[in-house]
file protein_28.cif (mmCIF, C-alpha atoms)
data_structure
loop_
_atom_site.label_atom_id
_atom_site.label_comp_id
_atom_site.auth_asym_id
_atom_site.auth_seq_id
_atom_site.Cartn_x
_atom_site.Cartn_y
_atom_site.Cartn_z
CA MET U 147 -9.10 -34.38 -10.83
CA TYR U 148 -10.29 -33.64 -14.34
CA ALA U 149 -8.53 -35.26 -17.28
CA PHE U 150 -5.64 -33.38 -18.86
CA ASP U 151 -2.80 -34.05 -21.30
CA TYR U 152 0.67 -34.42 -19.86
CA GLN U 153 3.83 -33.20 -21.58
CA ARG U 154 7.37 -33.60 -20.34
CA PRO U 155 9.71 -31.66 -22.63
CA SER U 156 13.44 -32.24 -22.42
CA ALA U 157 14.55 -28.76 -23.47
CA LEU U 158 13.59 -25.24 -22.48
CA ASP U 159 12.78 -24.19 -26.07
CA GLU U 160 10.48 -27.14 -26.39
CA ALA U 161 8.64 -26.18 -23.19
CA VAL U 162 8.19 -22.60 -24.40
CA ALA U 163 6.88 -23.84 -27.76
CA LEU U 164 4.40 -26.11 -25.99
CA LEU U 165 3.14 -23.21 -23.90
CA ARG U 166 2.63 -21.24 -27.09
CA ASP U 167 0.83 -23.99 -29.01
CA LEU U 168 -1.21 -25.97 -26.52
CA ASP U 169 -4.75 -25.12 -25.50
CA GLU U 170 -4.88 -23.82 -21.89
CA PRO U 171 -1.55 -25.21 -20.74
CA LYS U 172 -0.32 -24.96 -17.18
CA VAL U 173 3.30 -25.24 -16.08
CA LEU U 174 4.11 -27.98 -13.55
CA ALA U 175 7.21 -27.32 -11.46
CA GLY U 176 7.06 -28.89 -7.99
CA GLY U 177 3.28 -29.07 -8.02
CA GLN U 178 2.81 -28.16 -4.36
CA THR U 179 0.10 -25.62 -5.13
CA LEU U 180 -1.05 -26.80 -8.53
CA LEU U 181 -1.66 -30.48 -7.72
CA PRO U 182 -3.87 -29.87 -4.64
CA THR U 183 -5.82 -27.37 -6.76
CA LEU U 184 -6.30 -29.95 -9.51
CA LYS U 185 -7.30 -32.63 -7.01
CA GLN U 186 -10.01 -30.31 -5.68
CA ARG U 187 -11.15 -29.71 -9.28
CA LEU U 188 -10.64 -26.00 -8.84
CA ALA U 189 -8.84 -25.71 -12.16
CA GLN U 190 -9.13 -27.53 -15.44
CA PRO U 191 -6.06 -26.98 -17.59
CA GLY U 192 -5.93 -28.60 -21.02
CA SER U 193 -2.36 -29.79 -20.53
CA LEU U 194 0.37 -29.83 -17.94
CA VAL U 195 3.90 -29.03 -19.08
CA ASP U 196 6.23 -30.72 -16.60
CA LEU U 197 9.61 -28.99 -16.31
CA SER U 198 11.30 -31.73 -14.28
CA ARG U 199 13.21 -33.29 -17.19
CA ILE U 200 14.72 -30.09 -18.55
CA PRO U 201 18.43 -30.25 -17.72
CA GLY U 202 20.31 -27.44 -16.01
CA LEU U 203 17.41 -25.76 -14.21
CA SER U 204 18.19 -26.73 -10.64
CA GLY U 205 21.80 -25.69 -10.09
CA ILE U 206 23.07 -23.44 -7.31
CA GLU U 207 26.23 -21.53 -8.15
CA ARG U 208 28.24 -18.49 -7.19
CA ARG U 209 27.75 -15.52 -9.50
CA GLY U 210 29.97 -12.54 -8.74
CA GLU U 211 29.55 -11.79 -5.07
CA GLY U 212 26.12 -13.39 -4.99
CA LEU U 213 24.32 -16.56 -6.05
CA PHE U 214 22.43 -17.90 -9.02
CA ILE U 215 19.78 -20.46 -8.11
CA GLY U 216 17.97 -22.44 -10.79
CA ALA U 217 14.18 -22.26 -10.99
CA MET U 218 13.75 -25.99 -10.31
CA ALA U 219 15.91 -25.98 -7.17
CA ARG U 220 13.83 -27.58 -4.40
CA HIS U 221 13.39 -25.73 -1.11
CA ALA U 222 15.22 -28.53 0.75
CA GLN U 223 18.15 -28.23 -1.66
CA VAL U 224 18.46 -24.48 -1.00
CA ALA U 225 18.01 -24.95 2.76
CA THR U 226 20.84 -27.49 3.00
CA SER U 227 23.22 -26.07 0.37
CA PRO U 228 26.61 -25.26 1.99
CA LEU U 229 27.08 -22.53 -0.63
CA VAL U 230 23.78 -20.79 0.21
CA GLN U 231 24.48 -21.19 3.93
CA GLU U 232 27.82 -19.50 3.42
CA VAL U 233 26.88 -16.66 1.06
CA ILE U 234 23.29 -15.82 2.12
CA PRO U 235 22.51 -17.77 5.30
CA ALA U 236 19.15 -15.97 5.70
CA LEU U 237 18.03 -17.43 2.37
CA ALA U 238 18.90 -20.98 3.43
CA GLU U 239 17.05 -20.39 6.67
CA LEU U 240 13.98 -19.07 4.83
CA ALA U 241 13.89 -22.09 2.51
CA GLY U 242 14.02 -24.35 5.56
CA MET U 243 10.95 -22.65 7.01
CA ILE U 244 8.69 -23.21 3.97
CA GLY U 245 5.76 -25.59 4.50
CA ASP U 246 6.63 -29.05 5.77
CA PRO U 247 9.29 -31.61 4.72
CA ALA U 248 7.10 -32.97 1.90
CA VAL U 249 6.58 -29.48 0.46
CA ARG U 250 10.29 -28.65 0.82
CA ASN U 251 11.31 -31.81 -1.01
CA ARG U 252 9.06 -31.13 -3.99
CA GLY U 253 8.38 -27.39 -4.09
CA THR U 254 10.65 -25.19 -6.22
CA LEU U 255 11.95 -21.63 -6.18
CA GLY U 256 10.59 -20.89 -9.66
CA GLY U 257 7.17 -22.37 -8.86
CA SER U 258 6.88 -20.30 -5.72
CA ILE U 259 7.71 -16.97 -7.30
CA ALA U 260 5.72 -17.59 -10.50
CA ASN U 261 2.64 -18.32 -8.38
CA ASN U 262 3.29 -15.23 -6.22
CA ASP U 263 1.02 -16.34 -3.42
CA PRO U 264 0.61 -13.29 -1.13
CA THR U 265 1.66 -15.43 1.83
CA ALA U 266 4.60 -17.30 0.27
CA ASP U 267 8.15 -16.91 1.63
CA TYR U 268 10.36 -16.70 -1.46
CA PRO U 269 8.84 -13.49 -2.86
CA ALA U 270 10.00 -11.76 0.35
CA ALA U 271 13.58 -12.99 -0.18
CA CYS U 272 13.61 -11.90 -3.84
CA LEU U 273 12.23 -8.46 -3.08
CA GLY U 274 14.22 -8.08 0.14
CA LEU U 275 17.52 -8.86 -1.53
CA GLY U 276 16.74 -6.95 -4.71
CA ALA U 277 17.15 -10.15 -6.73
CA SER U 278 16.92 -10.38 -10.51
CA ILE U 279 14.55 -12.93 -12.01
CA VAL U 280 15.96 -14.52 -15.16
CA THR U 281 13.42 -15.89 -17.65
CA ASN U 282 13.84 -17.53 -21.05
CA ALA U 283 13.28 -14.10 -22.60
CA ARG U 284 14.69 -11.42 -20.27
CA THR U 285 15.90 -10.45 -16.82
CA LEU U 286 13.61 -8.55 -14.45
CA VAL U 287 14.33 -6.96 -11.10
CA ALA U 288 12.11 -8.29 -8.31
CA ASP U 289 10.43 -4.88 -7.92
CA ASP U 290 9.11 -5.21 -11.48
CA PHE U 291 8.46 -8.95 -11.38
CA PHE U 292 5.85 -9.10 -8.59
CA THR U 293 2.90 -7.09 -9.86
CA GLY U 294 0.02 -7.98 -7.52
CA LEU U 295 -1.99 -10.68 -5.83
CA PHE U 296 -0.94 -13.91 -7.60
CA GLU U 297 0.30 -11.80 -10.47
CA THR U 298 3.72 -11.43 -12.01
CA ALA U 299 5.16 -9.79 -15.10
CA LEU U 300 5.60 -13.23 -16.70
CA GLY U 301 4.07 -13.64 -20.15
CA GLU U 302 1.94 -16.64 -21.09
CA ASP U 303 4.86 -18.38 -22.76
CA GLU U 304 7.56 -17.18 -20.41
CA LEU U 305 9.33 -19.38 -17.87
CA VAL U 306 11.51 -18.55 -14.89
CA VAL U 307 14.97 -19.99 -15.50
CA GLY U 308 16.56 -18.90 -12.24
CA VAL U 309 17.12 -16.09 -9.79
CA GLU U 310 20.25 -14.00 -9.20
CA PHE U 311 20.58 -13.05 -5.54
CA PRO U 312 23.10 -10.36 -4.63
CA ALA U 313 24.92 -11.08 -1.37
CA PRO U 314 23.85 -8.82 1.51
CA ALA U 315 26.22 -7.50 4.16
CA ARG U 316 23.69 -8.77 6.71
CA ALA U 317 20.20 -10.22 6.34
CA GLY U 318 17.52 -11.95 8.34
CA TYR U 319 14.06 -13.44 7.84
CA ALA U 320 11.33 -13.98 10.39
CA LYS U 321 7.78 -15.14 9.94
CA PHE U 322 4.75 -15.84 12.03
CA ARG U 323 3.31 -18.95 10.50
CA ASN U 324 -0.25 -20.06 10.44
CA PRO U 325 -0.05 -23.25 12.49
CA ALA U 326 -2.23 -25.20 10.05
CA SER U 327 -1.02 -24.14 6.62
CA ARG U 328 2.43 -22.86 7.70
CA TYR U 329 1.99 -20.00 5.29
CA ALA U 330 3.15 -16.66 6.67
CA MET U 331 0.54 -14.58 8.51
CA ALA U 332 3.29 -12.00 8.38
CA GLY U 333 6.89 -12.40 7.29
CA ALA U 334 9.70 -9.88 7.01
CA PHE U 335 12.97 -10.08 5.12
CA VAL U 336 15.46 -7.42 6.21
CA ALA U 337 18.69 -6.99 4.25
CA GLN U 338 21.54 -4.54 4.50
CA MET U 339 22.84 -4.20 0.95
CA ALA U 340 25.73 -2.22 -0.49
CA ASP U 341 23.33 0.56 -1.56
CA GLY U 342 20.94 0.67 1.40
CA VAL U 343 18.55 -1.34 3.51
CA ARG U 344 15.63 -3.29 2.06
CA VAL U 345 12.63 -4.54 4.03
CA ALA U 346 10.20 -6.85 2.20
CA ILE U 347 6.94 -7.95 3.79
CA THR U 348 4.93 -11.04 2.86
CA GLY U 349 1.74 -12.60 4.22
CA ALA U 350 0.14 -9.28 5.00
CA GLY U 351 -0.35 -7.08 1.93
CA GLN U 352 -3.60 -7.24 -0.03
CA GLY U 353 -1.60 -6.93 -3.22
CA GLY U 354 1.01 -9.49 -2.20
CA VAL U 355 4.63 -8.89 -1.21
CA PHE U 356 5.66 -5.24 -0.72
CA ARG U 357 8.51 -3.09 0.59
CA TRP U 358 8.07 -1.17 3.84
CA ALA U 359 9.63 2.15 2.88
CA GLU U 360 9.54 3.83 6.33
CA ALA U 361 11.34 0.91 7.95
CA GLU U 362 13.92 0.91 5.14
CA GLU U 363 14.68 4.60 5.66
CA ALA U 364 14.90 4.30 9.42
CA LEU U 365 17.19 1.28 9.23
CA HIS U 366 19.31 2.85 6.53
CA ALA U 367 20.00 5.71 8.94
CA ASP U 368 20.79 3.34 11.78
CA PHE U 369 20.67 -0.46 11.45
CA ARG U 370 19.41 -1.39 14.91
CA PRO U 371 16.05 -2.28 16.52
CA GLU U 372 15.64 1.10 18.24
CA SER U 373 15.35 2.77 14.82
CA ILE U 374 11.99 1.18 14.08
CA ALA U 375 10.65 0.92 17.64
CA GLU U 376 8.33 3.89 17.13
CA LEU U 377 7.12 2.98 13.63
CA THR U 378 3.66 1.66 12.88
CA LEU U 379 2.58 0.19 9.57
CA ASP U 380 -0.53 1.71 7.99
CA ALA U 381 -3.15 -1.09 8.06
CA SER U 382 -5.34 0.21 5.23
CA ASP U 383 -3.80 -2.08 2.58
CA ILE U 384 -3.29 -5.04 4.89
CA MET U 385 -5.19 -8.31 4.56
CA SER U 386 -8.01 -9.05 6.93
CA ASP U 387 -9.48 -12.53 7.18
CA LEU U 388 -10.61 -15.12 9.69
CA HIS U 389 -7.00 -15.72 10.74
CA GLY U 390 -6.38 -12.14 11.75
CA SER U 391 -7.57 -8.57 11.29
CA ALA U 392 -5.61 -5.94 9.36
CA ASP U 393 -4.56 -4.16 12.57
CA TYR U 394 -3.35 -7.39 14.11
CA ARG U 395 -1.36 -8.24 11.00
CA ALA U 396 0.14 -4.75 10.83
CA GLN U 397 1.39 -5.21 14.38
CA LEU U 398 2.71 -8.70 13.49
CA VAL U 399 4.61 -7.20 10.57
CA LYS U 400 6.43 -4.88 12.92
CA VAL U 401 7.26 -7.65 15.35
CA MET U 402 8.53 -9.86 12.52
CA THR U 403 10.60 -6.99 11.13
CA LEU U 404 12.22 -6.55 14.53
CA ARG U 405 12.92 -10.28 14.77
CA ALA U 406 14.35 -10.37 11.26
CA LEU U 407 16.58 -7.45 12.18
CA VAL U 408 17.78 -9.19 15.33
CA ALA U 409 18.51 -12.28 13.22
CA ALA U 410 20.46 -10.13 10.76
CA LEU U 411 22.52 -8.65 13.59
CA ARG U 412 23.37 -12.03 15.07
CA MET X 74 -18.16 -15.35 4.35
CA ALA X 75 -19.13 -11.78 3.58
CA LEU X 76 -16.93 -8.86 2.75
CA GLU X 77 -17.48 -5.18 2.32
CA MET X 78 -15.58 -2.83 0.05
CA SER X 79 -15.86 0.72 -1.11
CA GLY X 80 -14.13 3.17 -3.38
CA SER X 81 -14.55 6.22 -5.56
CA TYR X 82 -13.55 7.27 -9.06
CA GLU X 83 -13.51 10.54 -10.97
CA LEU X 84 -15.15 10.34 -14.40
CA PRO X 85 -14.41 13.10 -16.94
CA VAL X 86 -17.97 13.10 -18.32
CA THR X 87 -21.33 14.50 -17.27
CA ARG X 88 -23.51 12.62 -14.84
CA GLU X 89 -26.04 11.84 -17.58
CA LYS X 90 -23.35 10.28 -19.75
CA ALA X 91 -22.03 8.23 -16.84
CA TRP X 92 -25.55 7.08 -16.03
CA GLU X 93 -26.13 5.95 -19.59
CA ALA X 94 -22.94 3.95 -19.51
CA LEU X 95 -23.92 2.30 -16.25
CA ASN X 96 -27.03 1.03 -18.00
CA ASP X 97 -25.32 -0.14 -21.16
CA ALA X 98 -24.90 -3.93 -21.27
CA GLU X 99 -22.10 -3.72 -23.84
CA ILE X 100 -20.03 -1.50 -21.59
CA LEU X 101 -20.76 -3.57 -18.49
CA LYS X 102 -19.66 -6.66 -20.35
CA ARG X 103 -16.31 -5.10 -21.19
CA CYS X 104 -15.80 -3.89 -17.63
CA ILE X 105 -16.69 -7.00 -15.60
CA PRO X 106 -13.34 -8.78 -15.14
CA GLY X 107 -13.35 -12.17 -16.88
CA CYS X 108 -16.80 -11.66 -18.42
CA GLU X 109 -17.21 -13.94 -21.41
CA GLU X 110 -20.89 -13.49 -22.08
CA LEU X 111 -23.48 -10.98 -20.98
CA GLU X 112 -26.87 -11.15 -22.60
CA LYS X 113 -29.88 -9.02 -21.87
CA ALA X 114 -32.80 -11.08 -20.60
CA SER X 115 -34.83 -7.94 -19.80
CA ASP X 116 -34.13 -4.26 -19.17
CA THR X 117 -32.84 -5.02 -15.71
CA GLU X 118 -31.61 -8.57 -15.93
CA MET X 119 -28.70 -10.09 -17.82
CA LYS X 120 -27.38 -13.60 -18.12
CA ALA X 121 -23.65 -13.81 -17.58
CA VAL X 122 -20.72 -16.17 -17.87
CA VAL X 123 -17.68 -15.02 -15.94
CA VAL X 124 -14.34 -16.76 -15.65
CA SER X 125 -12.54 -15.98 -12.43
CA LYS X 126 -8.84 -16.72 -12.06
CA ILE X 127 -7.08 -16.47 -8.71
CA GLY X 128 -3.61 -17.91 -8.77
CA PRO X 129 -3.92 -21.59 -9.66
CA VAL X 130 -7.70 -21.59 -9.28
CA LYS X 131 -9.85 -21.02 -12.32
CA ALA X 132 -13.61 -21.28 -12.14
CA LYS X 133 -16.37 -20.50 -14.59
CA PHE X 134 -19.46 -18.93 -13.08
CA ARG X 135 -22.85 -18.94 -14.80
CA GLY X 136 -25.47 -16.65 -13.40
CA THR X 137 -27.26 -13.36 -13.60
CA VAL X 138 -26.47 -9.70 -13.30
CA THR X 139 -29.37 -7.59 -12.05
CA LEU X 140 -29.87 -3.82 -11.93
CA SER X 141 -32.27 -2.47 -9.31
CA ASP X 142 -33.16 0.40 -6.94
CA PHE X 143 -33.09 2.91 -9.78
CA ASN X 144 -32.87 6.58 -8.89
CA ALA X 145 -31.91 8.08 -12.27
CA PRO X 146 -29.42 9.60 -12.84
CA GLU X 147 -28.03 9.38 -9.32
CA SER X 148 -27.82 5.85 -8.12
CA TYR X 149 -28.65 2.20 -8.62
CA ARG X 150 -27.69 -1.22 -7.40
CA ILE X 151 -25.83 -3.68 -9.56
CA SER X 152 -25.74 -7.21 -8.24
CA GLY X 153 -24.67 -10.54 -9.54
CA GLU X 154 -24.69 -14.14 -8.54
CA GLY X 155 -23.20 -17.15 -10.14
CA ASP X 156 -22.81 -20.87 -9.77
CA GLY X 157 -19.28 -22.11 -10.27
CA GLY X 158 -20.26 -25.79 -10.26
CA ILE X 159 -17.97 -27.84 -8.06
CA ALA X 160 -16.03 -24.75 -7.06
CA GLY X 161 -18.96 -23.20 -5.21
CA PHE X 162 -20.97 -20.05 -5.60
CA ALA X 163 -20.28 -16.36 -5.56
CA LYS X 164 -22.58 -13.42 -5.20
CA GLY X 165 -22.12 -9.77 -4.65
CA GLY X 166 -23.50 -6.35 -5.31
CA ALA X 167 -22.69 -2.69 -5.24
CA LEU X 168 -24.60 0.48 -4.58
CA VAL X 169 -23.32 2.99 -7.12
CA GLU X 170 -23.79 6.72 -6.67
CA LEU X 171 -22.99 9.49 -9.12
CA THR X 172 -22.55 13.12 -8.11
CA SER X 173 -21.62 16.03 -10.38
CA SER X 174 -18.19 17.48 -9.68
CA GLU X 175 -16.14 20.33 -11.13
CA THR X 176 -14.32 18.05 -13.57
CA GLY X 177 -17.26 15.82 -14.41
CA THR X 178 -18.74 13.14 -12.20
CA THR X 179 -17.70 11.39 -9.03
CA LEU X 180 -18.61 7.72 -8.81
CA VAL X 181 -18.80 6.25 -5.32
CA TYR X 182 -19.47 2.57 -4.72
CA LYS X 183 -20.17 0.43 -1.70
CA ALA X 184 -19.92 -3.24 -2.50
CA GLU X 185 -20.29 -6.49 -0.69
CA ALA X 186 -19.41 -10.02 -1.75
CA GLN X 187 -20.05 -13.52 -0.53
CA ILE X 188 -18.66 -16.83 -1.61
CA GLY X 189 -19.48 -20.34 -0.51
CA GLY X 190 -18.68 -23.97 -1.21
CA LYS X 191 -15.23 -25.34 -1.86
CA LEU X 192 -13.86 -22.01 -2.99
CA ALA X 193 -14.68 -20.55 0.41
CA GLN X 194 -13.11 -23.43 2.31
CA LEU X 195 -9.87 -23.41 0.39
CA GLY X 196 -9.76 -19.81 -0.53
CA GLN X 197 -10.53 -18.19 2.83
CA ARG X 198 -7.19 -16.51 3.09
CA LEU X 199 -7.47 -15.21 -0.48
CA VAL X 200 -11.03 -14.08 -0.66
CA ALA X 201 -10.74 -10.59 0.78
CA GLY X 202 -7.90 -9.54 -1.50
CA THR X 203 -9.52 -11.08 -4.55
CA ALA X 204 -12.96 -9.58 -4.03
CA LYS X 205 -11.44 -6.15 -3.59
CA LYS X 206 -9.30 -6.61 -6.66
CA ILE X 207 -12.28 -7.61 -8.79
CA ALA X 208 -14.38 -4.67 -7.58
CA ASP X 209 -11.51 -2.23 -8.14
CA GLU X 210 -10.85 -3.65 -11.58
CA PHE X 211 -14.48 -3.33 -12.61
CA PHE X 212 -14.76 0.32 -11.61
CA LYS X 213 -11.33 1.13 -13.01
CA ASN X 214 -12.30 -0.44 -16.34
CA PHE X 215 -15.54 1.49 -16.23
CA ALA X 216 -13.80 4.79 -15.55
CA GLU X 217 -11.45 4.11 -18.46
CA ALA X 218 -14.26 3.11 -20.83
CA VAL X 219 -16.18 6.26 -20.00
CA ALA X 220 -13.10 8.47 -20.26
CA SER X 221 -12.06 7.06 -23.63
CA GLY X 222 -15.40 8.14 -25.04
CA ASP X 223 -16.61 4.63 -25.78
CA ALA X 224 -19.66 5.27 -23.68
#

call {"tool": "encode", "arguments": {"input": "protein_28.cif", "output": "structure tokens"}}
result
Amino acid sequence: MYAFDYQRPSALDEAVALLRDLDEPKVLAGGQTLLPTLKQRLAQPGSLVDLSRIPGLSGIERRGEGLFIGAMARHAQVATSPLVQEVIPALAELAGMIGDPAVRNRGTLGGSIANNDPTADYPAACLGLGASIVTNARTLVADDFFTGLFETALGEDELVVGVEFPAPARAGYAKFRNPASRYAMAGAFVAQMADGVRVAITGAGQGGVFRWAEAEEALHADFRPESIAELTLDASDIMSDLHGSADYRAQLVKVMTLRALVAALR
Amino acid sequence: MALEMSGSYELPVTREKAWEALNDAEILKRCIPGCEELEKASDTEMKAVVVSKIGPVKAKFRGTVTLSDFNAPESYRISGEGDGGIAGFAKGGALVELTSSETGTTLVYKAEAQIGGKLAQLGQRLVAGTAKKIADEFFKNFAEAVASGDA
């Protein structure tokens, strides 16, 4: 690890001001991606701004029909929350599938979506449920928030405060995890919402999480496995690496979509 | 680990103009994503400092950009290699071809990239997407620079 300055603000405004004023700052939420990167000396930020002492960022509450989950809510907290299990059980299940127990006890919702790893789980839930991402400055729909591989619409001095998840009529998540990293090789979040069906795919797209429009249309017409049995996903924008070719991943996406659908219908 | 990429862009200028731009260090500097310095060492060789940012990873590469295989004003090879210190190394190149079209010039590229060292070990699952993104960004920036008349 290279040397860096460490700041632990106790208010959101203070954190935003630090991000504005410090030289090459980096936000520390749960640190499950950032700290391994620093240990490997693959990044050299001037300062870390630790959000852990800012009050009110980790709550889980009902908002309208849906939920509001604070950015610093740990994965384990979401996975075991009776409220999440009641309102959006697929979301609790997804949080329980992230990484391993150590990652789930430290990693946060806000950290995961701000990093927008193309193989992370939470981006699929946000996009699949049509969630709204609330920052210190504005509210963005998930479709506008995730802009590409490791890229989001967040500004340099903008922080995720929490996420508003609308409640689906039915939803399910399924992923094929890499046995070593437990990141998704392909993951699908299928949700039947008041205004249609949404299918969000993670782990597979070269540009990160994306919506599978053909599957959405087919399932909107008829929400059952037979509707997508004949579909194939175009593999031209699908990741190809030593863990699996683009064609293999495209097939996995379909299988995961079917499994997510079966889970939603349970 | 090696990767291959390709793509094509329409440029709204003549082939000669596009060729000039491809050989202009100032324009290349503006188009290479994360390029902080690009200095001419000779007509065909430039020294470069490029900062590459992929998610949490940020590495500074020092190295050279070389132009070769000239076939004016149709094609050349642009290649680069850099040492990112502890992060590892990266090298890559692209064969760039220009053909006249009805609206101006069509640029076609075939690129390949290689990375090694710690970046390659940790970044395996990210490398393909990133290399493609960097190549796309470079040629997109180039198309924009040429179109805006800066060339």

call {"tool": "closest_residue", "arguments": {"input": "protein_28.cif", "among": "U:Tyr268, U:Phe150, U:Tyr329, U:Phe369", "to": "chain X", "atoms": "only C-alpha atoms"}}
result
U:Tyr329

call {"tool": "resolve_selection", "arguments": {"input": "protein_28.cif", "expression": "the PyMOL selection byres ((chain U) within 8 of (chain X))", "output": "PDB file with C-alpha atoms, in the coordinates of the input"}}
result
ATOM      1  CA  THR U 179       0.100 -25.620  -5.130  1.00  0.00           C
ATOM      2  CA  LEU U 180      -1.050 -26.800  -8.530  1.00  0.00           C
ATOM      3  CA  THR U 183      -5.820 -27.370  -6.760  1.00  0.00           C
ATOM      4  CA  ARG U 187     -11.150 -29.710  -9.280  1.00  0.00           C
ATOM      5  CA  LEU U 188     -10.640 -26.000  -8.840  1.00  0.00           C
ATOM      6  CA  ALA U 189      -8.840 -25.710 -12.160  1.00  0.00           C
ATOM      7  CA  GLN U 190      -9.130 -27.530 -15.440  1.00  0.00           C
ATOM      8  CA  ASN U 261       2.640 -18.320  -8.380  1.00  0.00           C
ATOM      9  CA  ASN U 262       3.290 -15.230  -6.220  1.00  0.00           C
ATOM     10  CA  ASP U 263       1.020 -16.340  -3.420  1.00  0.00           C
ATOM     11  CA  LEU U 295      -1.990 -10.680  -5.830  1.00  0.00           C
ATOM     12  CA  PHE U 296      -0.940 -13.910  -7.600  1.00  0.00           C
ATOM     13  CA  GLU U 297       0.300 -11.800 -10.470  1.00  0.00           C
ATOM     14  CA  GLN U 352      -3.600  -7.240  -0.030  1.00  0.00           C
ATOM     15  CA  GLY U 353      -1.600  -6.930  -3.220  1.00  0.00           C
ATOM     16  CA  MET U 385      -5.190  -8.310   4.560  1.00  0.00           C
ATOM     17  CA  SER U 386      -8.010  -9.050   6.930  1.00  0.00           C
ATOM     18  CA  ASP U 387      -9.480 -12.530   7.180  1.00  0.00           C
ATOM     19  CA  LEU U 388     -10.610 -15.120   9.690  1.00  0.00           C
ATOM     20  CA  HIS U 389      -7.000 -15.720  10.740  1.00  0.00           C
TER      21      HIS U 389
END

call {"tool": "resolve_selection", "arguments": {"input": "protein_28.cif", "expression": "the PyMOL selection byres ((chain X and resi 207) around 12)", "output": "PyMOL selection string"}}
result
(chain U and resi 295) or (chain X and resi 78-79+104-108+123-127+165-166+184-186+200-206+208-214)

call {"tool": "atom_distance", "arguments": {"input": "protein_28.cif", "atom1": "CA of Gln338 in chain U", "atom2": "CA of Ala241 in chain U"}}
result
19.2 Å

call {"tool": "residues_near_point", "arguments": {"input": "protein_28.cif", "point": "(19.5, -14.2, 5.3)", "cutoff": "6 Å", "atoms": "only C-alpha atoms", "output": "list in words"}}
result
Ile234, Pro235, Ala236, Leu237, Ala317 and Gly318 of chain U

call {"tool": "write_last_selection", "arguments": {"input": "protein_28.cif", "atoms": "C-alpha atoms", "output": "PDB file, in the coordinates of the input"}}
result
ATOM      1  CA  ILE U 234      23.290 -15.820   2.120  1.00  0.00           C
ATOM      2  CA  PRO U 235      22.510 -17.770   5.300  1.00  0.00           C
ATOM      3  CA  ALA U 236      19.150 -15.970   5.700  1.00  0.00           C
ATOM      4  CA  LEU U 237      18.030 -17.430   2.370  1.00  0.00           C
ATOM      5  CA  ALA U 317      20.200 -10.220   6.340  1.00  0.00           C
ATOM      6  CA  GLY U 318      17.520 -11.950   8.340  1.00  0.00           C
TER       7      GLY U 318
END

call {"tool": "residues_around", "arguments": {"input": "protein_28.cif", "residues": "Gly153 in chain X", "least_positions_apart": "4", "cutoff": "6 Å", "atoms": "all atoms listed in the file", "output": "PyMOL selection string"}}
result
chain X and resi 137-138+164-165

call {"tool": "atom_distance", "arguments": {"input": "protein_28.cif", "atom1": "CA of Asp383 in chain U", "atom2": "CA of Leu168 in chain X"}}
result
22.1 Å

call {"tool": "atom_distance", "arguments": {"input": "protein_28.cif", "atom1": "CA of Leu365 in chain U", "atom2": "CA of Leu411 in chain U"}}
result
12.1 Å

call {"tool": "resolve_selection", "arguments": {"input": "protein_28.cif", "expression": "the PyMOL selection byres ((chain X and resi 100) around 10)", "output": "compact mmCIF listing (two decimals) with C-alpha atoms, in the coordinates of the input"}}
result
# COMPACT_ATOMS: atom_id res chain seq x y z
CA GLU X 93 -26.13 5.95 -19.59
CA ALA X 94 -22.94 3.95 -19.51
CA LEU X 95 -23.92 2.30 -16.25
CA ASN X 96 -27.03 1.03 -18.00
CA ASP X 97 -25.32 -0.14 -21.16
CA ALA X 98 -24.90 -3.93 -21.27
CA GLU X 99 -22.10 -3.72 -23.84
CA LEU X 101 -20.76 -3.57 -18.49
CA LYS X 102 -19.66 -6.66 -20.35
CA ARG X 103 -16.31 -5.10 -21.19
CA CYS X 104 -15.80 -3.89 -17.63
CA ILE X 105 -16.69 -7.00 -15.60
CA ASN X 214 -12.30 -0.44 -16.34
CA PHE X 215 -15.54 1.49 -16.23
CA ALA X 218 -14.26 3.11 -20.83
CA VAL X 219 -16.18 6.26 -20.00
CA ASP X 223 -16.61 4.63 -25.78
CA ALA X 224 -19.66 5.27 -23.68

call {"tool": "residues_around", "arguments": {"input": "protein_28.cif", "residues": "Arg150 in chain X", "least_positions_apart": "5", "cutoff": "10 Å", "atoms": "all atoms listed in the file", "output": "ChimeraX atom specification"}}
result
/X:139-144,166-170,182-184

call {"tool": "residues_around", "arguments": {"input": "protein_28.cif", "residues": "Met402 in chain U", "least_positions_apart": "6", "cutoff": "6 Å", "atoms": "all atoms listed in the file", "output": "count of residues only"}}
result
3

call {"tool": "residues_near_point", "arguments": {"input": "protein_28.cif", "point": "(28.6, -5.6, 6.8)", "cutoff": "12 Å", "atoms": "all atoms listed in the file", "output": "mmCIF file with C-alpha atoms, keeping the file's coordinate frame"}}
result
data_model
loop_
_atom_site.group_PDB
_atom_site.id
_atom_site.type_symbol
_atom_site.label_atom_id
_atom_site.label_comp_id
_atom_site.auth_asym_id
_atom_site.auth_seq_id
_atom_site.Cartn_x
_atom_site.Cartn_y
_atom_site.Cartn_z
ATOM 1 C CA ALA U 313 24.920 -11.080 -1.370
ATOM 2 C CA PRO U 314 23.850 -8.820 1.510
ATOM 3 C CA ALA U 315 26.220 -7.500 4.160
ATOM 4 C CA ARG U 316 23.690 -8.770 6.710
ATOM 5 C CA ALA U 317 20.200 -10.220 6.340
ATOM 6 C CA ALA U 337 18.690 -6.990 4.250
ATOM 7 C CA GLN U 338 21.540 -4.540 4.500
ATOM 8 C CA MET U 339 22.840 -4.200 0.950
ATOM 9 C CA ALA U 340 25.730 -2.220 -0.490
ATOM 10 C CA ASP U 341 23.330 0.560 -1.560
ATOM 11 C CA GLY U 342 20.940 0.670 1.400
ATOM 12 C CA VAL U 343 18.550 -1.340 3.510
ATOM 13 C CA PHE U 369 20.670 -0.460 11.450
ATOM 14 C CA ALA U 410 20.460 -10.130 10.760
ATOM 15 C CA LEU U 411 22.520 -8.650 13.590
ATOM 16 C CA ARG U 412 23.370 -12.030 15.070
#
